[in-house]
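**Q** For reference, the file run08.pdb (PDB, C-alpha atoms) is included below:
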```pdb
ATOM      1  CA  MET J1252      10.743   1.432  -1.370
ATOM      2  CA  ALA J1253      10.088  -0.812  -4.370
ATOM      3  CA  GLY J1254       6.542  -1.253  -5.545
ATOM      4  CA  LEU J1255       4.045  -2.004  -8.257
ATOM      5  CA  LEU J1256       1.433   0.619  -8.947
ATOM      6  CA  LEU J1257      -1.762  -0.125 -10.858
ATOM      7  CA  ALA J1258      -3.768   2.743 -12.273
ATOM      8  CA  VAL J1259      -5.745   3.368 -15.425
ATOM      9  CA  ASP J1260      -5.487   7.161 -14.972
ATOM     10  CA  PHE J1261      -1.758   7.095 -14.331
ATOM     11  CA  GLU J1262      -1.096  10.568 -15.749
ATOM     12  CA  ASP J1263      -3.577  12.066 -13.272
ATOM     13  CA  LEU J1264      -2.005  10.086 -10.453
ATOM     14  CA  LYS J1265       1.482  11.335 -11.293
ATOM     15  CA  GLY J1266       0.302  14.859 -10.687
ATOM     16  CA  GLN J1267      -0.681  13.943  -7.121
ATOM     17  CA  MET J1268       2.589  12.215  -6.197
ATOM     18  CA  LYS J1269       5.899  13.790  -5.312
ATOM     19  CA  GLU J1270       8.713  13.139  -7.764
ATOM     20  CA  ASP J1271      10.815  11.519  -5.032
ATOM     21  CA  ASP J1272       8.009   9.049  -4.304
ATOM     22  CA  MET J1273       7.629   8.247  -8.002
ATOM     23  CA  ASN J1274      11.351   7.538  -8.278
ATOM     24  CA  LYS J1275      11.155   5.032  -5.427
ATOM     25  CA  LEU J1276       8.785   2.812  -7.379
ATOM     26  CA  GLU J1277      10.523  -0.118  -9.009
ATOM     27  CA  SER J1278       7.954  -0.414 -11.786
ATOM     28  CA  VAL J1279       4.566   0.824 -12.868
ATOM     29  CA  VAL J1280       2.034  -1.334 -14.676
ATOM     30  CA  VAL J1281      -1.269  -0.023 -16.008
ATOM     31  CA  ALA J1282      -4.120  -2.524 -15.842
ATOM     32  CA  LYS J1283      -7.882  -2.467 -16.241
ATOM     33  CA  MET J1284     -10.065  -3.941 -13.540
ATOM     34  CA  LYS J1285     -12.428  -5.427 -16.100
ATOM     35  CA  ASP J1286      -9.599  -7.126 -18.015
ATOM     36  CA  LEU J1287      -8.616 -10.351 -16.224
ATOM     37  CA  GLU J1288      -5.614 -11.026 -18.468
ATOM     38  CA  SER J1289      -4.135  -7.576 -17.924
ATOM     39  CA  LEU J1290      -4.473  -8.122 -14.172
ATOM     40  CA  CYS J1291      -2.730 -11.487 -14.475
ATOM     41  CA  ASP J1292       0.111  -9.818 -16.373
ATOM     42  CA  ALA J1293       0.363  -7.146 -13.677
ATOM     43  CA  PHE J1294       0.352  -9.612 -10.779
ATOM     44  CA  ARG J1295       2.774 -12.127 -12.256
ATOM     45  CA  GLY J1296       5.660 -12.633  -9.833
ATOM     46  CA  CYS J1297       4.121 -10.518  -7.036
ATOM     47  CA  HIS J1298       4.558 -11.563  -3.417
ATOM     48  CA  ALA J1299       1.370  -9.743  -2.404
ATOM     49  CA  VAL J1300      -1.432  -7.750  -3.974
ATOM     50  CA  PHE J1301      -2.897  -4.670  -2.288
ATOM     51  CA  HIS J1302      -6.323  -4.103  -3.809
ATOM     52  CA  THR J1303      -7.297  -0.536  -2.881
ATOM     53  CA  SER J1304      -9.261   0.665  -5.892
ATOM     54  CA  SER J1305     -12.884   1.766  -5.890
ATOM     55  CA  PHE J1306     -15.235   2.633  -8.721
ATOM     56  CA  VAL J1307     -16.465   6.227  -8.658
ATOM     57  CA  ASP J1308     -18.696   7.931 -11.212
ATOM     58  CA  PRO J1309     -17.866  11.635 -10.868
ATOM     59  CA  HIS J1310     -20.697  12.541 -13.262
ATOM     60  CA  GLY J1311     -23.374  10.765 -11.205
ATOM     61  CA  ILE J1312     -25.567  12.675  -8.796
ATOM     62  CA  SER J1313     -24.192  10.784  -5.801
ATOM     63  CA  GLY J1314     -20.841   9.820  -7.326
ATOM     64  CA  TYR J1315     -21.726   6.126  -7.129
ATOM     65  CA  SER J1316     -24.574   4.312  -8.862
ATOM     66  CA  GLU J1317     -26.108   0.841  -8.780
ATOM     67  CA  GLN J1318     -24.033   0.034 -11.872
ATOM     68  CA  MET J1319     -20.898   1.000  -9.961
ATOM     69  CA  ALA J1320     -21.848  -1.553  -7.288
ATOM     70  CA  PHE J1321     -21.943  -4.245  -9.974
ATOM     71  CA  LEU J1322     -18.574  -3.154 -11.398
ATOM     72  CA  GLU J1323     -17.053  -3.136  -7.898
ATOM     73  CA  THR J1324     -18.105  -6.757  -7.436
ATOM     74  CA  GLU J1325     -16.791  -7.877 -10.820
ATOM     75  CA  GLY J1326     -13.519  -6.036 -10.216
ATOM     76  CA  ALA J1327     -13.047  -7.848  -6.908
ATOM     77  CA  ARG J1328     -13.735 -11.186  -8.565
ATOM     78  CA  ASN J1329     -11.107 -10.488 -11.229
ATOM     79  CA  VAL J1330      -8.498  -9.333  -8.700
ATOM     80  CA  ILE J1331      -8.750 -12.513  -6.637
ATOM     81  CA  GLU J1332      -8.875 -14.662  -9.780
ATOM     82  CA  ALA J1333      -5.716 -13.002 -11.124
ATOM     83  CA  CYS J1334      -4.032 -13.251  -7.738
ATOM     84  CA  GLY J1335      -4.754 -16.980  -7.670
ATOM     85  CA  ARG J1336      -3.543 -17.513 -11.211
ATOM     86  CA  ALA J1337      -0.474 -15.315 -11.467
ATOM     87  CA  ALA J1338       0.892 -14.112  -8.136
ATOM     88  CA  TYR J1339       4.131 -15.735  -6.989
ATOM     89  CA  ILE J1340       2.679 -15.857  -3.482
ATOM     90  CA  ARG J1341      -1.120 -15.974  -3.358
ATOM     91  CA  ARG J1342      -1.669 -13.220  -0.836
ATOM     92  CA  CYS J1343      -4.084 -10.284  -1.048
ATOM     93  CA  ILE J1344      -4.715  -7.326   1.243
ATOM     94  CA  PHE J1345      -8.138  -6.109   0.184
ATOM     95  CA  THR J1346      -9.596  -2.683   0.964
ATOM     96  CA  SER J1347     -13.275  -2.973   1.797
ATOM     97  CA  SER J1348     -15.185  -0.403   3.854
ATOM     98  CA  LEU J1349     -16.760   0.089   7.249
ATOM     99  CA  LEU J1350     -19.983   0.419   5.235
ATOM    100  CA  ALA J1351     -19.809  -3.338   4.668
ATOM    101  CA  SER J1352     -20.440  -3.846   8.400
ATOM    102  CA  ILE J1353     -22.708  -1.116   9.759
ATOM    103  CA  TRP J1354     -25.965  -1.464   7.813
ATOM    104  CA  THR J1355     -27.300  -4.403   9.743
ATOM    105  CA  SER J1356     -30.717  -5.142  11.210
ATOM    106  CA  SER J1357     -29.250  -6.555  14.427
ATOM    107  CA  ASN J1358     -29.806  -5.037  17.854
ATOM    108  CA  LEU J1359     -28.429  -1.488  17.989
ATOM    109  CA  ASP J1360     -27.063  -2.202  21.469
ATOM    110  CA  SER J1361     -24.716  -4.861  20.078
ATOM    111  CA  VAL J1362     -21.054  -4.206  19.371
ATOM    112  CA  VAL J1363     -20.366  -3.517  15.688
ATOM    113  CA  ASP J1364     -17.154  -5.326  14.812
ATOM    114  CA  GLU J1365     -15.645  -7.595  12.168
ATOM    115  CA  SER J1366     -18.335 -10.236  12.710
ATOM    116  CA  CYS J1367     -21.029  -7.845  11.440
ATOM    117  CA  TRP J1368     -22.076  -7.707   7.796
ATOM    118  CA  SER J1369     -24.335  -5.140   6.176
ATOM    119  CA  SER J1370     -27.638  -6.409   4.811
ATOM    120  CA  GLU J1371     -27.666  -6.386   1.005
ATOM    121  CA  GLU J1372     -31.454  -6.182   1.045
ATOM    122  CA  PHE J1373     -31.391  -3.133   3.344
ATOM    123  CA  CYS J1374     -28.743  -1.435   1.190
ATOM    124  CA  ARG J1375     -30.704  -2.068  -1.993
ATOM    125  CA  GLU J1376     -34.028  -0.903  -0.525
ATOM    126  CA  ASN J1377     -32.435   2.322   0.712
ATOM    127  CA  LYS J1378     -30.291   2.875  -2.397
ATOM    128  CA  LEU J1379     -27.077   2.704  -0.375
ATOM    129  CA  TRP J1380     -25.133   1.779  -3.497
ATOM    130  CA  LEU J1381     -21.608   2.253  -2.146
ATOM    131  CA  ALA J1382     -22.383   0.081   0.871
ATOM    132  CA  LEU J1383     -23.952  -2.516  -1.427
ATOM    133  CA  GLY J1384     -20.918  -2.491  -3.710
ATOM    134  CA  LYS J1385     -18.503  -2.854  -0.815
ATOM    135  CA  VAL J1386     -20.323  -5.689   0.946
ATOM    136  CA  ARG J1387     -20.867  -7.643  -2.290
ATOM    137  CA  ALA J1388     -17.273  -7.105  -3.418
ATOM    138  CA  GLU J1389     -15.867  -8.264  -0.103
ATOM    139  CA  GLU J1390     -18.145 -11.296  -0.009
ATOM    140  CA  ILE J1391     -17.111 -12.390  -3.509
ATOM    141  CA  ALA J1392     -13.464 -11.812  -2.578
ATOM    142  CA  TRP J1393     -13.814 -14.185   0.382
ATOM    143  CA  ARG J1394     -15.580 -16.838  -1.730
ATOM    144  CA  LYS J1395     -13.031 -16.684  -4.562
ATOM    145  CA  SER J1396     -10.064 -16.657  -2.187
ATOM    146  CA  LYS J1397     -11.234 -19.889  -0.565
ATOM    147  CA  GLU J1398     -11.821 -21.450  -3.969
ATOM    148  CA  LEU J1399      -8.374 -20.472  -5.289
ATOM    149  CA  LYS J1400      -6.510 -20.846  -1.982
ATOM    150  CA  VAL J1401      -5.517 -17.174  -1.881
ATOM    151  CA  ARG J1402      -4.573 -15.895   1.575
ATOM    152  CA  LEU J1403      -6.841 -12.918   2.070
ATOM    153  CA  VAL J1404      -7.224 -10.227   4.702
ATOM    154  CA  THR J1405      -9.585  -7.277   4.396
ATOM    155  CA  VAL J1406      -9.250  -3.803   5.856
ATOM    156  CA  CYS J1407     -12.544  -1.947   6.374
ATOM    157  CA  PRO J1408     -11.843   1.785   6.789
ATOM    158  CA  GLY J1409     -14.331   4.466   7.701
ATOM    159  CA  LEU J1410     -14.807   7.711   5.780
ATOM    160  CA  LEU J1411     -11.400   8.599   4.335
ATOM    161  CA  ILE J1412     -10.053  12.057   5.097
ATOM    162  CA  ALA J1413      -6.839  13.570   3.744
ATOM    163  CA  THR J1414      -5.953  16.569   5.892
ATOM    164  CA  ALA J1415      -3.532  17.913   3.278
ATOM    165  CA  PHE J1416      -6.303  17.869   0.635
ATOM    166  CA  PRO J1417      -9.570  18.581   2.513
ATOM    167  CA  HIS J1418     -11.709  18.809  -0.641
ATOM    168  CA  ALA J1419     -10.060  15.972  -2.582
ATOM    169  CA  HIS J1420     -12.444  13.302  -1.346
ATOM    170  CA  LYS J1421     -15.737  15.078  -1.975
ATOM    171  CA  GLU J1422     -16.681  12.738  -4.833
ATOM    172  CA  THR J1423     -16.174   9.660  -2.646
ATOM    173  CA  SER J1424     -17.524  11.275   0.524
ATOM    174  CA  ILE J1425     -20.956  11.988  -0.962
ATOM    175  CA  PRO J1426     -21.853   8.328  -1.641
ATOM    176  CA  TYR J1427     -20.252   7.224   1.650
ATOM    177  CA  LEU J1428     -22.388   9.684   3.600
ATOM    178  CA  LYS J1429     -25.679   8.613   2.085
ATOM    179  CA  GLY J1430     -27.569   7.725   5.238
ATOM    180  CA  GLY J1431     -25.211  10.029   7.162
ATOM    181  CA  PRO J1432     -27.816  11.295   9.674
ATOM    182  CA  ILE J1433     -28.575   7.680  10.652
ATOM    183  CA  MET J1434     -24.863   6.904  11.008
ATOM    184  CA  LEU J1435     -24.468   9.967  13.233
ATOM    185  CA  ARG J1436     -27.509   9.150  15.354
ATOM    186  CA  GLN J1437     -26.374   5.552  15.880
ATOM    187  CA  GLY J1438     -22.703   6.401  16.494
ATOM    188  CA  LEU J1439     -21.520   4.595  13.363
ATOM    189  CA  LEU J1440     -19.688   7.378  11.501
ATOM    190  CA  GLY J1441     -16.025   6.378  11.768
ATOM    191  CA  ILE J1442     -13.372   8.704  10.322
ATOM    192  CA  SER J1443     -10.065   7.462   8.916
ATOM    193  CA  ASP J1444      -6.996   9.487   7.956
ATOM    194  CA  VAL J1445      -5.878   8.101   4.607
ATOM    195  CA  ARG J1446      -2.226   7.929   5.723
ATOM    196  CA  LYS J1447      -3.127   5.913   8.815
ATOM    197  CA  VAL J1448      -5.192   3.558   6.681
ATOM    198  CA  ALA J1449      -2.224   3.016   4.347
ATOM    199  CA  GLU J1450      -0.012   2.246   7.350
ATOM    200  CA  ALA J1451      -2.624  -0.186   8.671
ATOM    201  CA  HIS J1452      -2.553  -2.075   5.361
ATOM    202  CA  VAL J1453       1.206  -2.470   5.618
ATOM    203  CA  HIS J1454       1.077  -3.633   9.240
ATOM    204  CA  VAL J1455      -1.653  -6.164   8.444
ATOM    205  CA  TYR J1456       0.408  -7.484   5.536
ATOM    206  CA  GLU J1457       3.518  -7.807   7.694
ATOM    207  CA  ALA J1458       1.520  -9.596  10.385
ATOM    208  CA  MET J1459       0.123 -12.214   8.005
ATOM    209  CA  ASP J1460       3.195 -14.387   8.668
ATOM    210  CA  ASN J1461       2.308 -14.236  12.357
ATOM    211  CA  GLY J1462      -1.323 -15.201  12.023
ATOM    212  CA  ALA J1463      -3.108 -12.028  10.909
ATOM    213  CA  CYS J1464      -6.297 -13.096   9.153
ATOM    214  CA  GLY J1465      -9.907 -12.181   8.505
ATOM    215  CA  ARG J1466     -11.333  -8.686   8.575
ATOM    216  CA  TYR J1467     -10.006  -5.528  10.277
ATOM    217  CA  ILE J1468     -12.246  -2.544  10.961
ATOM    218  CA  CYS J1469     -10.146   0.608  10.672
ATOM    219  CA  TYR J1470     -10.969   4.095  11.958
ATOM    220  CA  GLU J1471      -9.309   6.711  14.133
ATOM    221  CA  ARG J1472     -12.333   8.321  15.718
ATOM    222  CA  VAL J1473     -16.107   8.317  15.654
ATOM    223  CA  VAL J1474     -18.165  11.462  15.071
ATOM    224  CA  GLN J1475     -20.216  11.559  18.276
ATOM    225  CA  ARG J1476     -21.395  15.167  18.530
ATOM    226  CA  LEU J1477     -23.520  17.392  16.318
ATOM    227  CA  ASP J1478     -20.880  20.140  16.257
ATOM    228  CA  GLU J1479     -18.317  17.580  14.999
ATOM    229  CA  ALA J1480     -20.746  16.568  12.236
ATOM    230  CA  ILE J1481     -21.242  20.189  11.181
ATOM    231  CA  GLN J1482     -17.478  20.769  11.209
ATOM    232  CA  LEU J1483     -17.002  17.707   8.973
ATOM    233  CA  GLU J1484     -19.643  19.002   6.566
ATOM    234  CA  ASN J1485     -17.920  22.387   6.398
ATOM    235  CA  GLU J1486     -14.534  20.782   5.751
ATOM    236  CA  LEU J1487     -15.959  18.720   2.887
ATOM    237  CA  ASN J1488     -18.307  21.468   1.694
ATOM    238  CA  ILE J1489     -21.269  19.087   1.792
ATOM    239  CA  GLN J1490     -23.686  20.742   4.203
ATOM    240  CA  GLY J1491     -26.554  18.659   5.573
ATOM    241  CA  LEU J1492     -25.350  15.187   4.560
ATOM    242  CA  VAL J1493     -24.441  14.252   8.124
ATOM    243  CA  SER J1494     -26.341  16.612  10.405
ATOM    244  CA  GLY J1495     -29.483  16.384   8.276
ATOM    245  CA  GLY J1496     -30.194  19.971   9.234
ATOM    246  CA  ARG J1497     -30.676  18.932  12.854
ATOM    247  CA  SER J1498     -30.662  21.419  15.667
ATOM    248  CA  GLY J1499     -30.003  20.574  19.278
ATOM    249  CA  ILE J1500     -27.262  20.477  21.876
ATOM    250  CA  LEU J1501     -24.107  20.664  19.774
ATOM    251  CA  SER J1502     -21.829  19.119  22.404
ATOM    252  CA  GLU J1503     -24.117  16.289  23.532
ATOM    253  CA  GLU J1504     -22.198  13.038  23.015
ATOM    254  CA  ILE J1505     -23.731  10.171  21.047
ATOM    255  CA  HIS J1506     -23.024   6.643  22.251
ATOM    256  CA  SER J1507     -21.102   4.407  19.838
ATOM    257  CA  ASN J1508     -20.813   0.622  19.711
ATOM    258  CA  LEU J1509     -18.213   0.596  16.949
ATOM    259  CA  SER J1510     -15.118  -1.468  17.760
ATOM    260  CA  ASN J1511     -11.703  -1.473  16.103
ATOM    261  CA  SER J1512     -10.085  -3.445  18.924
ATOM    262  CA  LYS J1513      -8.852  -6.221  16.616
ATOM    263  CA  LEU J1514      -6.756  -3.806  14.545
ATOM    264  CA  ALA J1515      -5.703  -1.888  17.653
ATOM    265  CA  ARG J1516      -4.221  -5.087  19.118
ATOM    266  CA  LEU J1517      -2.359  -5.807  15.880
ATOM    267  CA  LEU J1518      -0.939  -2.265  15.709
ATOM    268  CA  TYR J1519       0.118  -2.449  19.366
ATOM    269  CA  GLN J1520       1.930  -5.721  18.756
ATOM    270  CA  ALA J1521       3.621  -4.208  15.701
ATOM    271  CA  SER J1522       4.805  -1.234  17.763
ATOM    272  CA  GLN J1523       6.184  -3.543  20.459
ATOM    273  CA  MET J1524       8.118  -5.565  17.883
ATOM    274  CA  SER J1525       9.509  -2.349  16.420
ATOM    275  CA  CYS J1526      10.658  -1.179  19.867
ATOM    276  CA  ASN J1527      12.409  -4.485  20.525
ATOM    277  CA  GLN J1528      14.433  -4.391  17.311
TER     278      GLN J1528
END
```
Take the structure in the file and give it back as structure tokens.
**A**
Amino acid sequence: MAGLLLAVDFEDLKGQMKEDDMNKLESVVVAKMKDLESLCDAFRGCHAVFHTSSFVDPHGISGYSEQMAFLETEGARNVIEACGRAAYIRRCIFTSSLLASIWTSSNLDSVVDESCWSSEEFCRENKLWLALGKVRAEEIAWRKSKELKVRLVTVCPGLLIATAFPHAHKETSIPYLKGGPIMLRQGLLGISDVRKVAEAHVHVYEAMDNGACGRYICYERVVQRLDEAIQLENELNIQGLVSGGRSGILSEEIHSNLSNSKLARLLYQASQMSCNQ
């Protein structure tokens, strides 16, 4: 596997990767999201750019502030700009978030899919900074990609969970789960295994030659019972962020209108092609 890895904290990242995986990388380039020229240098000659980074402030109370939302947007703008300027093939697979779709004022009985966009006004009023950052970043990515003729697809995963490192995502889980009790009550708390999300990115990229386009909501399951919410809180050691201290019938199932059918169809087609080879 050849690849290009971008990371400002590369030394920290090396400690999380197996040596065999590191050796498979063809090259490593360190770039700063706020530095457009360094991004251009990193992207030069690339056939595709996978933009998976997210700004996190580990010293903030929630791990993500209003300033982080601004930086997320500017980082997205720079990535698409650099992709348009320097990439050999102007193609970007952009990691957004399910949060960019669920905070909407539309009818709760409606299906929540790729056509849904979170309300910036609602996010700002309720201090949902991560959701605000994700929806603004994705929107600017779409605008810049059209301007620069960059082929763009976005993957919108739910709350990322790494089973091998159950506590590793606490800093990112806290801002994601702001508004968690509402997500639980409305059946909007999608969970994504980080490995499955990585595989989905690859499959979407491979399918771009066969018409893959637009947005792809990505999750494995939806938390639909109070006991599942409490179990998730215990795993992440963040009691109360999802259940809100609720009591009630632990096994009573909550209805969900979330839909990942678009990605499911793509993954099914990919599996069929693999079987036929």
**Q** Given the PyMOL selection byres ((chain J and resi 1411) around 7) and the file above, list the residues it selects as number ranges by chain.
**A** J: 1409-1410, 1412-1413, 1442-1445
**Q** Taking all atoms listed in the file into account, which of J:Phe1321, J:Tyr1470, J:Tyr1519, J:Tyr1456 comes nearest Trp1380 in chain J?
**A** J:Phe1321
**Q** Looking at only C-alpha atoms, which of J:Gly1495, J:Glu1398, J:Gly1430, J:Val1330 is the one that sits closest to Asn1377 in chain J?
**A**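 Smallest distance to Asn1377 in chain J is found for J:Gly1430.
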**Q** Expand the PyMOL selection byres ((chain J and resi 1447-1453) around 12) into the individual residues it matches in the shown file, reporting them as a PyMOL selection string.
**A** chain J and resi 1299-1303+1343-1348+1404-1414+1442-1446+1454-1459+1463+1466-1472+1511+1513-1519+1521-1522
**Q** Grab the residues selected above and save them as a short mmCIF file (atom, residue, chain, number, x, y, z; two decimals), in the coordinates of the input with C-alpha atoms.
**A**
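Everything below was put into selection_14.cif:
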```
data_model
loop_
_atom_site.label_atom_id
_atom_site.label_comp_id
_atom_site.auth_asym_id
_atom_site.auth_seq_id
_atom_site.Cartn_x
_atom_site.Cartn_y
_atom_site.Cartn_z
CA ALA J 1299 1.37 -9.74 -2.40
CA VAL J 1300 -1.43 -7.75 -3.97
CA PHE J 1301 -2.90 -4.67 -2.29
CA HIS J 1302 -6.32 -4.10 -3.81
CA THR J 1303 -7.30 -0.54 -2.88
CA CYS J 1343 -4.08 -10.28 -1.05
CA ILE J 1344 -4.72 -7.33 1.24
CA PHE J 1345 -8.14 -6.11 0.18
CA THR J 1346 -9.60 -2.68 0.96
CA SER J 1347 -13.28 -2.97 1.80
CA SER J 1348 -15.18 -0.40 3.85
CA VAL J 1404 -7.22 -10.23 4.70
CA THR J 1405 -9.59 -7.28 4.40
CA VAL J 1406 -9.25 -3.80 5.86
CA CYS J 1407 -12.54 -1.95 6.37
CA PRO J 1408 -11.84 1.78 6.79
CA GLY J 1409 -14.33 4.47 7.70
CA LEU J 1410 -14.81 7.71 5.78
CA LEU J 1411 -11.40 8.60 4.34
CA ILE J 1412 -10.05 12.06 5.10
CA ALA J 1413 -6.84 13.57 3.74
CA THR J 1414 -5.95 16.57 5.89
CA ILE J 1442 -13.37 8.70 10.32
CA SER J 1443 -10.06 7.46 8.92
CA ASP J 1444 -7.00 9.49 7.96
CA VAL J 1445 -5.88 8.10 4.61
CA ARG J 1446 -2.23 7.93 5.72
CA HIS J 1454 1.08 -3.63 9.24
CA VAL J 1455 -1.65 -6.16 8.44
CA TYR J 1456 0.41 -7.48 5.54
CA GLU J 1457 3.52 -7.81 7.69
CA ALA J 1458 1.52 -9.60 10.38
CA MET J 1459 0.12 -12.21 8.01
CA ALA J 1463 -3.11 -12.03 10.91
CA ARG J 1466 -11.33 -8.69 8.57
CA TYR J 1467 -10.01 -5.53 10.28
CA ILE J 1468 -12.25 -2.54 10.96
CA CYS J 1469 -10.15 0.61 10.67
CA TYR J 1470 -10.97 4.10 11.96
CA GLU J 1471 -9.31 6.71 14.13
CA ARG J 1472 -12.33 8.32 15.72
CA ASN J 1511 -11.70 -1.47 16.10
CA LYS J 1513 -8.85 -6.22 16.62
CA LEU J 1514 -6.76 -3.81 14.54
CA ALA J 1515 -5.70 -1.89 17.65
CA ARG J 1516 -4.22 -5.09 19.12
CA LEU J 1517 -2.36 -5.81 15.88
CA LEU J 1518 -0.94 -2.26 15.71
CA TYR J 1519 0.12 -2.45 19.37
CA ALA J 1521 3.62 -4.21 15.70
CA SER J 1522 4.80 -1.23 17.76
#
```
**Q** Counting only C-alpha atoms, which residue out of J:Gly1496, J:Gly1326, J:Gly1491, J:Gly1462 sits closest to Leu1428 in chain J?
**A** J:Gly1491
**Q** Hey, can you check how far CA of Ser1278 in chain J sits from CA of Leu1399 in chain J?
**A**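 Between CA of Ser1278 in chain J and CA of Leu1399 in chain J the gap is 26.7 Å.
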**Q** Please, what is the axis-aligned box for every listed atom of range 1342-1345 of chain J with 6 Å on each side, as centre and edge lengths in Å to one decimal, as AutoDock Vina command-line options?
**A**
```
--center_x -4.9 --center_y -9.7 --center_z 0.1 --size_x 18.5 --size_y 19.1 --size_z 14.3
```
**Q** Find the residues around range 1371-1373 of chain J up to 9 Å (only C-alpha atoms counted), leave out those fewer than 3 positions away in its own chain, and share them as a PDB file with C-alpha atoms, in the frame of the given file.
**A**
```pdb
ATOM      1  CA  TRP J1354     -25.965  -1.464   7.813  1.00  0.00           C
ATOM      2  CA  THR J1355     -27.300  -4.403   9.743  1.00  0.00           C
ATOM      3  CA  SER J1356     -30.717  -5.142  11.210  1.00  0.00           C
ATOM      4  CA  TRP J1368     -22.076  -7.707   7.796  1.00  0.00           C
ATOM      5  CA  GLU J1376     -34.028  -0.903  -0.525  1.00  0.00           C
ATOM      6  CA  ASN J1377     -32.435   2.322   0.712  1.00  0.00           C
ATOM      7  CA  LYS J1378     -30.291   2.875  -2.397  1.00  0.00           C
ATOM      8  CA  LEU J1379     -27.077   2.704  -0.375  1.00  0.00           C
ATOM      9  CA  ALA J1382     -22.383   0.081   0.871  1.00  0.00           C
ATOM     10  CA  LEU J1383     -23.952  -2.516  -1.427  1.00  0.00           C
ATOM     11  CA  VAL J1386     -20.323  -5.689   0.946  1.00  0.00           C
ATOM     12  CA  ARG J1387     -20.867  -7.643  -2.290  1.00  0.00           C
TER      13      ARG J1387
END
```
**Q** Tell me, as a ChimeraX atom specification, which residues lie within 9 Å of Ile1481 in chain J, counting all atoms listed in the file; anything in the same chain fewer than 3 positions away does not count.
**A** /J:1476-1478,1484-1486,1490-1491,1493-1494
**Q** Between CA of Ile1353 in chain J and CA of Trp1393 in chain J, measure the distance and give it in Å to one decimal.
**A**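 CA of Trp1393 in chain J lies at a distance of 18.4 Å from CA of Ile1353 in chain J.
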**Q** Reconstruct N, CA, C and O atoms of range 1320-1331 of chain J from the incomplete input and present them as a JSON list (two decimals), in the coordinates of the input.
**A**
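File written: selection-v1.json
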```
[["chain", "number", "residue", "atom", "x", "y", "z"],
["J", 1320, "ALA", "N", -21.86, -0.45, -8.25],
["J", 1320, "ALA", "CA", -21.85, -1.55, -7.29],
["J", 1320, "ALA", "C", -21.59, -2.87, -8.00],
["J", 1320, "ALA", "O", -20.84, -3.74, -7.51],
["J", 1321, "PHE", "N", -22.18, -3.03, -9.18],
["J", 1321, "PHE", "CA", -21.94, -4.24, -9.97],
["J", 1321, "PHE", "C", -20.48, -4.31, -10.43],
["J", 1321, "PHE", "O", -19.84, -5.37, -10.34],
["J", 1322, "LEU", "N", -19.96, -3.19, -10.92],
["J", 1322, "LEU", "CA", -18.57, -3.15, -11.40],
["J", 1322, "LEU", "C", -17.60, -3.41, -10.26],
["J", 1322, "LEU", "O", -16.56, -4.06, -10.46],
["J", 1323, "GLU", "N", -17.91, -2.91, -9.07],
["J", 1323, "GLU", "CA", -17.05, -3.14, -7.90],
["J", 1323, "GLU", "C", -16.94, -4.63, -7.61],
["J", 1323, "GLU", "O", -15.86, -5.16, -7.32],
["J", 1324, "THR", "N", -18.08, -5.32, -7.70],
["J", 1324, "THR", "CA", -18.10, -6.76, -7.44],
["J", 1324, "THR", "C", -17.31, -7.53, -8.48],
["J", 1324, "THR", "O", -16.52, -8.42, -8.15],
["J", 1325, "GLU", "N", -17.51, -7.19, -9.75],
["J", 1325, "GLU", "CA", -16.79, -7.88, -10.82],
["J", 1325, "GLU", "C", -15.30, -7.60, -10.75],
["J", 1325, "GLU", "O", -14.47, -8.48, -11.03],
["J", 1326, "GLY", "N", -14.93, -6.37, -10.37],
["J", 1326, "GLY", "CA", -13.52, -6.04, -10.22],
["J", 1326, "GLY", "C", -12.87, -6.86, -9.12],
["J", 1326, "GLY", "O", -11.75, -7.36, -9.28],
["J", 1327, "ALA", "N", -13.57, -7.03, -8.01],
["J", 1327, "ALA", "CA", -13.05, -7.85, -6.91],
["J", 1327, "ALA", "C", -12.87, -9.29, -7.34],
["J", 1327, "ALA", "O", -11.86, -9.94, -7.01],
["J", 1328, "ARG", "N", -13.83, -9.80, -8.08],
["J", 1328, "ARG", "CA", -13.74, -11.19, -8.56],
["J", 1328, "ARG", "C", -12.49, -11.36, -9.44],
["J", 1328, "ARG", "O", -11.73, -12.32, -9.29],
["J", 1329, "ASN", "N", -12.25, -10.40, -10.33],
["J", 1329, "ASN", "CA", -11.11, -10.49, -11.23],
["J", 1329, "ASN", "C", -9.78, -10.38, -10.48],
["J", 1329, "ASN", "O", -8.80, -11.06, -10.82],
["J", 1330, "VAL", "N", -9.74, -9.51, -9.47],
["J", 1330, "VAL", "CA", -8.50, -9.33, -8.70],
["J", 1330, "VAL", "C", -8.11, -10.63, -8.01],
["J", 1330, "VAL", "O", -6.95, -11.07, -8.06],
["J", 1331, "ILE", "N", -9.06, -11.27, -7.35],
["J", 1331, "ILE", "CA", -8.75, -12.51, -6.64],
["J", 1331, "ILE", "C", -8.44, -13.63, -7.62],
["J", 1331, "ILE", "O", -7.52, -14.44, -7.39]]
```
